[in-house]
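**Student:** Following this line is model_21.cif, made up of mmCIF, C-alpha atoms:
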```
data_work
#
loop_
_atom_site.label_atom_id
_atom_site.label_comp_id
_atom_site.auth_asym_id
_atom_site.auth_seq_id
_atom_site.Cartn_x
_atom_site.Cartn_y
_atom_site.Cartn_z
CA MET A 1 -2.57 -31.48 -2.33
CA GLY A 2 -1.82 -35.17 -2.73
CA SER A 3 -4.67 -37.65 -2.95
CA ASP A 4 -3.07 -39.60 -0.06
CA GLU A 5 -3.73 -36.65 2.19
CA LEU A 6 -7.42 -36.63 1.31
CA GLU A 7 -7.75 -40.39 1.78
CA ASP A 8 -6.35 -39.89 5.23
CA VAL A 9 -9.23 -37.70 6.44
CA SER A 10 -13.03 -37.69 6.51
CA PRO A 11 -14.87 -36.47 3.37
CA VAL A 12 -15.82 -33.21 5.10
CA SER A 13 -12.22 -32.62 6.17
CA GLY A 14 -11.21 -33.36 2.57
CA ARG A 15 -13.65 -30.72 1.33
CA VAL A 16 -12.21 -28.15 3.72
CA LEU A 17 -8.67 -28.98 2.61
CA THR A 18 -9.62 -28.88 -1.07
CA ALA A 19 -11.21 -25.43 -0.65
CA LEU A 20 -8.39 -23.93 1.42
CA THR A 21 -5.21 -25.39 -0.05
CA PRO A 22 -5.04 -23.31 -3.27
CA LEU A 23 -5.39 -20.23 -1.14
CA LEU A 24 -3.43 -20.98 2.01
CA GLY A 25 -1.03 -23.69 0.91
CA ARG A 26 -1.01 -27.25 2.20
CA HIS A 27 0.49 -26.58 5.61
CA THR A 28 -1.79 -23.73 6.61
CA ALA A 29 -4.91 -25.36 5.15
CA ARG A 30 -4.16 -28.32 7.40
CA ARG A 31 -3.63 -25.98 10.34
CA ALA A 32 -7.00 -24.30 9.67
CA LEU A 33 -8.66 -27.70 9.48
CA VAL A 34 -7.15 -28.67 12.83
CA MET A 35 -8.57 -25.45 14.30
CA VAL A 36 -12.03 -26.35 12.93
CA CYS A 37 -11.75 -29.88 14.36
CA LYS A 38 -10.68 -28.53 17.75
CA ARG A 39 -13.71 -26.22 17.83
CA ALA A 40 -16.00 -29.10 16.78
CA GLN A 41 -14.30 -31.41 19.30
CA LYS A 42 -13.64 -33.93 16.55
CA ASP A 43 -10.55 -35.04 14.68
CA VAL A 44 -9.79 -34.91 10.96
CA HIS A 45 -11.07 -38.46 10.52
CA THR A 46 -14.44 -37.85 12.14
CA LEU A 47 -15.39 -34.32 11.06
CA ALA A 48 -18.90 -34.74 9.65
CA PRO A 49 -21.43 -32.71 7.62
CA GLU A 50 -23.18 -31.56 10.82
CA ASP A 51 -19.89 -29.86 11.81
CA LEU A 52 -19.86 -27.65 8.72
CA PRO A 53 -21.60 -24.70 10.47
CA ILE A 54 -18.76 -24.76 13.02
CA ALA A 55 -16.30 -24.84 10.13
CA TYR A 56 -17.93 -21.75 8.60
CA ARG A 57 -17.89 -19.92 11.93
CA THR A 58 -14.24 -20.80 12.55
CA LEU A 59 -12.96 -20.02 9.07
CA ARG A 60 -14.97 -16.84 8.41
CA PRO A 61 -13.04 -14.40 10.68
CA MET A 62 -9.59 -15.73 9.82
CA LEU A 63 -10.27 -15.67 6.07
CA ARG A 64 -11.89 -12.24 6.26
CA THR A 65 -8.80 -10.90 8.05
CA LEU A 66 -6.46 -12.38 5.51
CA ILE A 67 -8.20 -11.97 2.17
CA GLY A 68 -11.27 -9.82 2.66
CA LYS A 69 -14.99 -10.31 2.38
CA GLU A 70 -15.37 -11.20 -1.30
CA VAL A 71 -12.95 -14.12 -1.36
CA THR A 72 -14.18 -15.35 2.02
CA VAL A 73 -17.73 -15.51 0.69
CA ARG A 74 -16.49 -17.44 -2.34
CA VAL A 75 -14.54 -19.96 -0.26
CA LEU A 76 -17.40 -20.50 2.18
CA SER A 77 -19.80 -20.93 -0.75
CA ASP A 78 -17.46 -23.55 -2.18
CA LEU A 79 -17.76 -25.30 1.17
CA GLY A 80 -21.53 -25.20 0.86
CA ALA A 81 -22.22 -22.43 3.37
CA PRO A 82 -25.80 -21.23 2.89
CA ASN A 83 -25.91 -17.44 2.27
CA ALA A 84 -22.17 -17.22 2.90
CA GLY A 85 -22.13 -13.44 2.46
CA ASP A 86 -25.03 -12.62 4.74
CA SER A 87 -23.21 -13.00 8.02
CA ILE A 88 -20.16 -11.08 6.91
CA ALA A 89 -20.65 -7.47 7.82
CA MET B 1 -8.69 -19.24 -6.73
CA ASN B 2 -5.61 -18.74 -8.91
CA GLY B 3 -2.77 -16.37 -8.25
CA LEU B 4 -0.20 -15.00 -10.61
CA LYS B 5 1.81 -17.70 -12.37
CA THR B 6 5.57 -17.91 -11.79
CA SER B 7 6.14 -17.83 -15.56
CA THR B 8 4.22 -14.52 -15.76
CA LEU B 9 6.44 -13.06 -13.04
CA LEU B 10 9.64 -14.25 -14.72
CA ILE B 11 8.59 -12.83 -18.11
CA ALA B 12 7.75 -9.46 -16.51
CA TYR B 13 11.11 -9.34 -14.71
CA GLY B 14 12.95 -10.39 -17.88
CA VAL B 15 11.30 -7.74 -20.03
CA VAL B 16 11.98 -4.93 -17.54
CA ILE B 17 15.62 -5.96 -17.02
CA VAL B 18 16.26 -6.06 -20.80
CA VAL B 19 14.52 -2.73 -21.46
CA VAL B 20 16.35 -0.97 -18.59
CA ALA B 21 19.66 -2.46 -19.75
CA VAL B 22 19.05 -1.22 -23.31
CA GLU B 23 18.15 2.19 -21.89
CA GLN B 24 21.42 2.21 -19.94
CA ILE B 25 23.45 1.22 -23.00
CA LEU B 26 21.82 3.95 -25.09
CA GLY B 27 22.49 6.40 -22.26
CA THR B 28 18.94 7.72 -22.17
CA THR B 29 17.16 8.87 -19.00
CA SER B 30 15.39 6.33 -16.78
CA VAL B 31 11.99 6.46 -18.46
CA VAL B 32 11.31 2.79 -17.73
CA ASN B 33 11.89 3.29 -14.00
CA ARG B 34 9.44 6.17 -13.92
CA VAL B 35 6.87 4.07 -15.81
CA VAL B 36 7.33 1.10 -13.47
CA GLU B 37 6.99 3.43 -10.43
CA MET B 38 3.67 4.64 -11.80
CA LEU B 39 2.59 1.07 -12.54
CA ALA B 40 3.38 0.12 -8.94
CA PHE B 41 1.27 3.01 -7.64
CA VAL B 42 -1.69 2.26 -9.95
CA SER B 43 -1.54 -1.48 -9.31
CA VAL B 44 -1.40 -1.08 -5.52
CA LEU B 45 -4.15 1.58 -5.50
CA LEU B 46 -6.48 -0.59 -7.60
CA THR B 47 -5.81 -3.47 -5.21
CA ALA B 48 -6.62 -1.34 -2.16
CA VAL B 49 -9.97 -0.16 -3.54
CA GLN B 50 -10.95 -3.71 -4.46
CA PHE B 51 -11.14 -4.59 -0.78
CA ASP B 52 -14.30 -3.84 1.16
CA SER B 53 -13.88 -0.75 3.36
CA GLU B 54 -13.84 -2.93 6.49
CA ASP B 55 -11.48 -5.59 5.18
CA PRO B 56 -8.28 -5.51 7.26
CA PRO B 57 -5.92 -5.81 4.23
CA ARG B 58 -7.32 -2.59 2.73
CA LYS B 59 -5.37 -0.40 5.17
CA PRO B 60 -1.83 -1.62 4.35
CA TRP B 61 -2.53 -1.60 0.61
CA MET B 62 -3.87 1.97 0.88
CA LEU B 63 -0.85 3.09 2.94
CA LEU B 64 1.40 1.56 0.29
CA ALA B 65 -0.54 3.34 -2.49
CA ILE B 66 -0.17 6.73 -0.77
CA ALA B 67 3.53 6.07 -0.16
CA PHE B 68 4.00 5.25 -3.84
CA ALA B 69 1.95 8.27 -4.97
CA LEU B 70 4.33 10.55 -3.09
CA VAL B 71 7.33 9.34 -5.11
CA PRO B 72 6.24 10.70 -8.52
CA LEU B 73 4.73 13.76 -6.78
CA GLY B 74 8.10 14.35 -5.13
CA ARG B 75 9.84 13.94 -8.47
CA ILE B 76 7.49 16.49 -10.07
CA ALA B 77 8.17 18.89 -7.19
CA GLY B 78 11.88 18.35 -7.76
CA TYR B 79 11.54 18.85 -11.50
CA LEU B 80 9.68 22.12 -10.92
CA SER B 81 12.22 23.10 -8.21
CA LEU B 82 9.41 23.76 -5.72
CA GLU B 83 10.76 24.92 -2.36
CA MET B 84 9.45 26.02 1.03
CA MET B 85 11.75 27.98 3.37
CA GLY B 86 14.73 26.90 1.30
CA VAL B 87 13.83 23.21 1.53
CA PRO B 88 12.98 21.44 -1.74
CA LEU B 89 9.44 20.02 -1.41
CA GLN B 90 10.73 16.81 -2.95
CA HIS B 91 12.50 16.03 0.32
CA PRO B 92 9.53 15.99 2.76
CA ALA B 93 7.55 14.09 0.10
CA LEU B 94 10.18 11.33 -0.03
CA ILE B 95 10.59 11.21 3.76
CA THR B 96 6.80 10.89 4.22
CA SER B 97 6.74 8.21 1.52
CA ASN B 98 9.37 6.22 3.42
CA LEU B 99 7.44 6.49 6.70
CA LEU B 100 4.17 5.40 5.07
CA TYR B 101 5.99 2.54 3.42
CA ILE B 102 7.26 1.29 6.79
CA ALA B 103 3.76 1.70 8.26
CA ALA B 104 2.32 -0.34 5.36
CA VAL B 105 4.74 -3.24 5.77
CA PHE B 106 4.18 -3.18 9.55
CA SER B 107 0.43 -3.22 8.92
CA PHE B 108 0.74 -6.20 6.54
CA GLY B 109 2.46 -8.05 9.39
CA ARG B 110 -0.38 -7.16 11.75
CA VAL B 111 -2.99 -8.43 9.28
CA LEU B 112 -1.15 -11.73 8.92
CA ARG B 113 -0.71 -12.14 12.68
CA SER B 114 -4.33 -11.35 13.47
CA SER B 115 -5.51 -14.11 11.14
CA GLY B 116 -4.23 -16.61 13.70
CA LEU B 117 -2.84 -18.75 10.88
CA VAL B 118 0.80 -17.68 10.99
CA PRO B 119 3.53 -18.40 13.55
CA SER B 120 4.42 -16.03 16.39
CA LEU B 121 7.96 -15.06 17.40
CA ARG B 122 6.77 -15.42 21.01
CA ASP B 123 6.24 -19.16 20.57
CA PRO B 124 8.96 -21.14 22.37
CA GLU B 125 9.72 -23.15 19.20
CA ASN B 126 10.58 -19.90 17.37
CA ARG B 127 13.30 -18.70 19.76
CA GLY B 128 15.96 -19.44 17.13
CA ALA B 129 14.16 -17.26 14.59
CA LEU B 130 13.87 -14.48 17.17
CA ARG B 131 17.62 -14.63 17.88
CA LEU B 132 18.35 -14.54 14.14
CA GLY B 133 16.02 -11.55 13.84
CA TRP B 134 17.94 -9.65 16.49
CA ALA B 135 21.25 -10.50 14.80
CA LEU B 136 19.93 -9.23 11.46
CA LEU B 137 18.56 -6.10 13.09
CA ILE B 138 21.96 -5.33 14.63
CA THR B 139 23.79 -6.04 11.34
CA VAL B 140 21.45 -3.92 9.20
CA SER B 141 21.54 -1.11 11.80
CA ALA B 142 25.36 -1.16 11.68
CA ILE B 143 25.30 -0.94 7.85
CA VAL B 144 22.78 1.92 7.89
CA ILE B 145 24.71 3.82 10.59
CA GLY B 146 27.91 3.30 8.57
CA ILE B 147 26.30 4.69 5.40
CA ILE B 148 24.79 7.71 7.19
CA SER B 149 28.03 8.44 9.08
CA LYS B 150 29.96 8.45 5.81
CA TRP B 151 27.53 10.97 4.32
CA ALA B 152 27.68 13.09 7.49
CA ILE B 153 31.50 13.16 7.45
CA GLU B 154 31.82 13.91 3.74
CA GLY B 155 28.89 16.34 3.45
CA THR B 156 29.00 20.12 3.54
CA PHE B 157 26.03 21.49 5.43
CA ASP B 158 26.02 25.12 4.41
CA SER B 159 22.32 25.52 3.53
CA ALA B 160 18.82 24.33 4.42
CA LYS B 161 18.81 22.49 1.10
CA ALA B 162 21.96 20.57 2.02
CA TRP B 163 20.52 19.65 5.42
CA SER B 164 17.21 18.47 3.96
CA GLY B 165 19.09 16.52 1.27
CA PHE B 166 21.04 14.78 4.02
CA GLY B 167 17.76 14.22 5.90
CA VAL B 168 16.22 12.51 2.87
CA ALA B 169 19.27 10.31 2.31
CA ALA B 170 19.45 9.37 6.01
CA PHE B 171 15.71 8.72 6.27
CA SER B 172 15.80 6.75 3.05
CA SER B 173 18.55 4.50 4.43
CA ILE B 174 16.82 4.04 7.79
CA GLY B 175 13.55 3.39 5.95
CA ASP B 176 15.13 0.88 3.59
CA GLY B 177 16.78 -0.87 6.54
CA ALA B 178 13.46 -1.03 8.41
CA VAL B 179 11.64 -2.30 5.33
CA PHE B 180 14.34 -4.91 4.74
CA ILE B 181 13.95 -6.25 8.30
CA LEU B 182 10.15 -6.02 8.21
CA GLY B 183 10.20 -7.64 4.76
CA LEU B 184 12.16 -10.61 6.09
CA TYR B 185 9.71 -10.82 8.99
CA LEU B 186 6.84 -10.77 6.47
CA VAL B 187 8.42 -13.63 4.50
CA TRP B 188 8.93 -15.56 7.74
CA LEU B 189 5.28 -14.98 8.64
CA VAL B 190 3.93 -16.13 5.27
CA ARG B 191 6.33 -19.10 5.07
CA PRO B 192 3.61 -21.58 6.16
CA LEU B 193 1.31 -20.10 3.50
CA LEU B 194 3.80 -20.65 0.66
CA GLY B 195 2.22 -22.74 -2.05
CA GLY B 196 -1.04 -20.85 -1.63
CA SER B 197 -2.00 -17.80 -3.64
CA VAL B 198 -2.36 -15.63 -0.51
CA ALA B 199 1.40 -15.67 0.13
CA ARG B 200 2.61 -14.33 -3.21
CA PRO B 201 1.68 -10.63 -2.84
CA TYR B 202 3.39 -10.53 0.57
CA VAL B 203 6.54 -12.16 -0.78
CA LEU B 204 6.62 -9.69 -3.69
CA VAL B 205 6.17 -6.70 -1.33
CA ALA B 206 9.03 -8.03 0.80
CA THR B 207 11.20 -8.58 -2.31
CA GLY B 208 10.62 -5.01 -3.50
CA GLY B 209 11.55 -3.63 -0.07
CA GLY B 210 14.64 -5.83 0.21
CA LEU B 211 16.02 -4.62 -3.11
CA PHE B 212 16.16 -1.00 -1.97
CA ILE B 213 18.61 -1.69 0.85
CA ILE B 214 20.81 -3.44 -1.72
CA ILE B 215 20.71 -0.24 -3.81
CA ASN B 216 21.82 1.78 -0.77
CA VAL B 217 24.73 -0.57 -0.14
CA ILE B 218 25.75 -0.51 -3.84
CA ASN B 219 25.57 3.30 -3.90
CA ALA B 220 27.70 3.54 -0.76
CA ILE B 221 30.28 1.11 -2.19
CA GLU B 222 30.37 2.90 -5.56
CA LYS B 223 30.96 6.24 -3.86
CA THR B 224 33.80 4.72 -1.83
CA VAL B 225 35.70 2.70 -4.41
CA THR B 226 35.25 4.65 -7.62
CA SER B 227 35.05 8.21 -8.78
CA ASP B 228 32.77 7.07 -11.61
CA GLN B 229 29.29 7.54 -10.13
CA SER B 230 27.81 4.76 -12.18
CA VAL B 231 24.15 4.23 -11.42
CA GLY B 232 23.57 1.44 -13.93
CA LEU B 233 23.20 -1.49 -11.55
CA SER B 234 21.17 0.54 -9.04
CA THR B 235 18.80 1.62 -11.82
CA VAL B 236 18.22 -1.98 -12.88
CA ILE B 237 17.66 -3.12 -9.28
CA ALA B 238 15.31 -0.18 -8.61
CA ALA B 239 13.26 -1.14 -11.68
CA ILE B 240 13.06 -4.74 -10.42
CA GLY B 241 12.05 -3.45 -6.97
CA TRP B 242 9.26 -1.26 -8.32
CA LEU B 243 8.14 -4.04 -10.62
CA SER B 244 7.92 -6.35 -7.60
CA PHE B 245 5.50 -3.90 -5.98
CA ALA B 246 3.47 -3.62 -9.19
CA LEU B 247 3.32 -7.42 -9.45
CA ALA B 248 2.37 -7.70 -5.75
CA GLY B 249 -0.67 -5.54 -6.44
CA LEU B 250 -1.47 -7.52 -9.57
CA ALA B 251 -1.16 -10.85 -7.72
CA GLN B 252 -3.49 -9.63 -4.97
CA SER B 253 -5.95 -8.20 -7.52
CA LYS B 254 -6.01 -11.43 -9.44
CA LEU B 255 -6.71 -13.35 -6.25
CA LEU B 256 -9.58 -11.00 -5.42
CA MET B 257 -11.02 -11.20 -8.92
CA ASN B 258 -10.62 -14.98 -9.07
CA GLU B 259 -9.51 -14.69 -12.67
CA GLU B 260 -8.44 -17.78 -14.51
CA GLU B 261 -4.78 -17.66 -15.49
CA ALA B 262 -4.36 -16.73 -19.12
#
```
Take the structure in the file and write it out as C-alpha cells.
**Tutor:**
Amino acid sequence: MGSDELEDVSPVSGRVLTALTPLLGRHTARRALVMVCKRAQKDVHTLAPEDLPIAYRTLRPMLRTLIGKEVTVRVLSDLGAPNAGDSIA
Amino acid sequence: MNGLKTSTLLIAYGVVIVVVAVEQILGTTSVVNRVVEMLAFVSVLLTAVQFDSEDPPRKPWMLLAIAFALVPLGRIAGYLSLEMMGVPLQHPALITSNLLYIAAVFSFGRVLRSSGLVPSLRDPENRGALRLGWALLITVSAIVIGIISKWAIEGTFDSAKAWSGFGVAAFSSIGDGAVFILGLYLVWLVRPLLGGSVARPYVLVATGGGLFIIINVINAIEKTVTSDQSVGLSTVIAAIGWLSFALAGLAQSKLLMNEEEA
C-alpha cells in the first residue's frame, strides 16, 4: 500500500487499510473499507474512531467466511477491537 | 499476516522438476510423484483441521483432503489387485476422488462468493467474462468429448474391468475439464484479492487443477501421433500439479499460523 493512499483517507480508514491490505490485497481492502463507510454512513475521509465498532461488525462476518475465526480475531485485534474473539461463535 | 513467498514457491517447483527429470533419465519408477501426492494430501489435511469446525473454508479443504487420500488408497488397491465383481477397486476410488475434487473446488468458489468481497458473474459489468466463460466451457467440453470418443472407438469392451477402466478414464477427463473451468472461475473470483495472502492458496489450487487437463490433452496427442507411449512430460506436469496442491495447503497453513517468512 502506497503512503499516498493513506494520506488520502482519515486515520481510522488508514488503520483499516493497513490491517486488511496484506491479507486481501489493495483493491479488496479498499472495497471492504468502502463497505464499512457505507454502513457507518461516512466516507473514507471522515471515518472516525467512534465508527470502529461498525467496522468490526462489518468486517467480522466477511473475514470469518474467507479466512476463519483465528485470523479474523487477529485482524480485529490489530484494529483495536476489544475482546475480538468473544463475539465470534 | 505473511503468506508463502514467491521465491519459496519457485525453489519448490525447481527442485521437483529437476528430481523428476533425473528420475525420468535414470528410467526409475515415479517415486517422486507418489511422494508429492502424499505431501499434497498431508498438507491439505493439516490445513483443513487448522480451521475451526464452523469456519466455512474448512469444508472445501476437507473435501480436497479426502479426494487426495483416495488417490494413494486407489493406487494401493491397484497394486494389490483388489477387485469387486470383476471391477478393480482402484477405479471407483479414483472416480470418487474426482467427484470430491470437483465438489471441493466448487465449494471454494462458494466460500469466496459468500464473503461478499469478490465479483459476481451476474453483475452487468461482468457480462464479457460470462460470455468468455461460456466459450471456454464449450471449448473444453469439445476437447473432453473428443478424447472420450477416441477412447470409446479404439477400446475393446470385453470385460467388466475394461468397462470400469474406460469409466475411470472418461470420468477423469470430465473431472479434469470441470476442475479446469472451475479453476479459471476461482482465479477470476480471487483476481481482486491478488496481492493479498488470502489469494495465493486459491490460485495454487486452480493451477494444480489446470495442469491435469493439460496432461489429458498431452496423453491424447501422444497416443495419436506416436506409437512410443512416452509419459515423461505428463509425469513432470503431474508432479508440478500435485506440488501446487501441497503448496496451496502450505500457503493457507502459513496464513493461519501467521508465521514470519523464513
**Student:** Which residue out of A:Val36, A:Leu17, A:Val12, A:Leu23 has the minimum interatomic distance to Thr58 (chain A) when all atoms listed in the file are used?
**Tutor:** A:Val36
**Student:** Would you give me, as a list in words, the residues of chain B that come within 7 Å of chain A, using all atoms listed in the file?
**Tutor:**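 Listed by rising number, the hits are Met1, Phe51, Asp52, Asp55, Pro56, Pro57, Val111, Leu112, Ser115, Gly116, Leu117, Pro192, Leu193, Leu194, Gly195, Gly196, Ser197, Val198 and Leu256 of chain B.
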**Student:** Can you write just those residues out, C-alpha atoms, as a PDB file, keeping the file's coordinate frame?
**Tutor:**
```
ATOM      1  CA  MET B   1      -8.690 -19.240  -6.730  1.00  0.00           C
ATOM      2  CA  PHE B  51     -11.140  -4.590  -0.780  1.00  0.00           C
ATOM      3  CA  ASP B  52     -14.300  -3.840   1.160  1.00  0.00           C
ATOM      4  CA  ASP B  55     -11.480  -5.590   5.180  1.00  0.00           C
ATOM      5  CA  PRO B  56      -8.280  -5.510   7.260  1.00  0.00           C
ATOM      6  CA  PRO B  57      -5.920  -5.810   4.230  1.00  0.00           C
ATOM      7  CA  VAL B 111      -2.990  -8.430   9.280  1.00  0.00           C
ATOM      8  CA  LEU B 112      -1.150 -11.730   8.920  1.00  0.00           C
ATOM      9  CA  SER B 115      -5.510 -14.110  11.140  1.00  0.00           C
ATOM     10  CA  GLY B 116      -4.230 -16.610  13.700  1.00  0.00           C
ATOM     11  CA  LEU B 117      -2.840 -18.750  10.880  1.00  0.00           C
ATOM     12  CA  PRO B 192       3.610 -21.580   6.160  1.00  0.00           C
ATOM     13  CA  LEU B 193       1.310 -20.100   3.500  1.00  0.00           C
ATOM     14  CA  LEU B 194       3.800 -20.650   0.660  1.00  0.00           C
ATOM     15  CA  GLY B 195       2.220 -22.740  -2.050  1.00  0.00           C
ATOM     16  CA  GLY B 196      -1.040 -20.850  -1.630  1.00  0.00           C
ATOM     17  CA  SER B 197      -2.000 -17.800  -3.640  1.00  0.00           C
ATOM     18  CA  VAL B 198      -2.360 -15.630  -0.510  1.00  0.00           C
ATOM     19  CA  LEU B 256      -9.580 -11.000  -5.420  1.00  0.00           C
TER      20      LEU B 256
END
```
**Student:** What does the PyMOL selection byres ((chain B and resi 243) around 12) select in this file, as number ranges by chain?
**Tutor:** B: 9-17, 20, 32-44, 204-205, 207-209, 211, 236-242, 244-251
**Student:** Record the distance separating CA of Ile221 (chain B) and CA of Gly177 (chain B), expressed in Å with one decimal.
**Tutor:**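 Separation between CA of Ile221 (chain B) and CA of Gly177 (chain B): 16.2 Å.
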**Student:** How would you write, as a VMD selection string, the residues chosen by the PyMOL selection byres ((chain A and resi 45-57) around 9) on this structure?
**Tutor:** chain A and resid 8 to 13 16 33 35 to 37 39 to 44 58 to 61 76 79 to 81 84
**Student:** Write out as a list in words each polymer residue whose atoms come within 8 Å of region 148-150 of chain B, counting only C-alpha atoms; drop sequence neighbours fewer than 3 positions from it.
**Tutor:**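 Final neighbour list, sorted by chain and number: Val144, Ile145, Ile153, Glu154, Ala169, Ala170 and Ser173 of chain B.
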**Student:** Restrict the selected residues to C-alpha atoms and save them as a JSON list (two decimals), in the frame of the given file.
**Tutor:**
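That gives us part07.json:
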```json
[["chain", "number", "residue", "atom", "x", "y", "z"],
["B", 144, "VAL", "CA", 22.78, 1.92, 7.89],
["B", 145, "ILE", "CA", 24.71, 3.82, 10.59],
["B", 153, "ILE", "CA", 31.50, 13.16, 7.45],
["B", 154, "GLU", "CA", 31.82, 13.91, 3.74],
["B", 169, "ALA", "CA", 19.27, 10.31, 2.31],
["B", 170, "ALA", "CA", 19.45, 9.37, 6.01],
["B", 173, "SER", "CA", 18.55, 4.50, 4.43]]
```
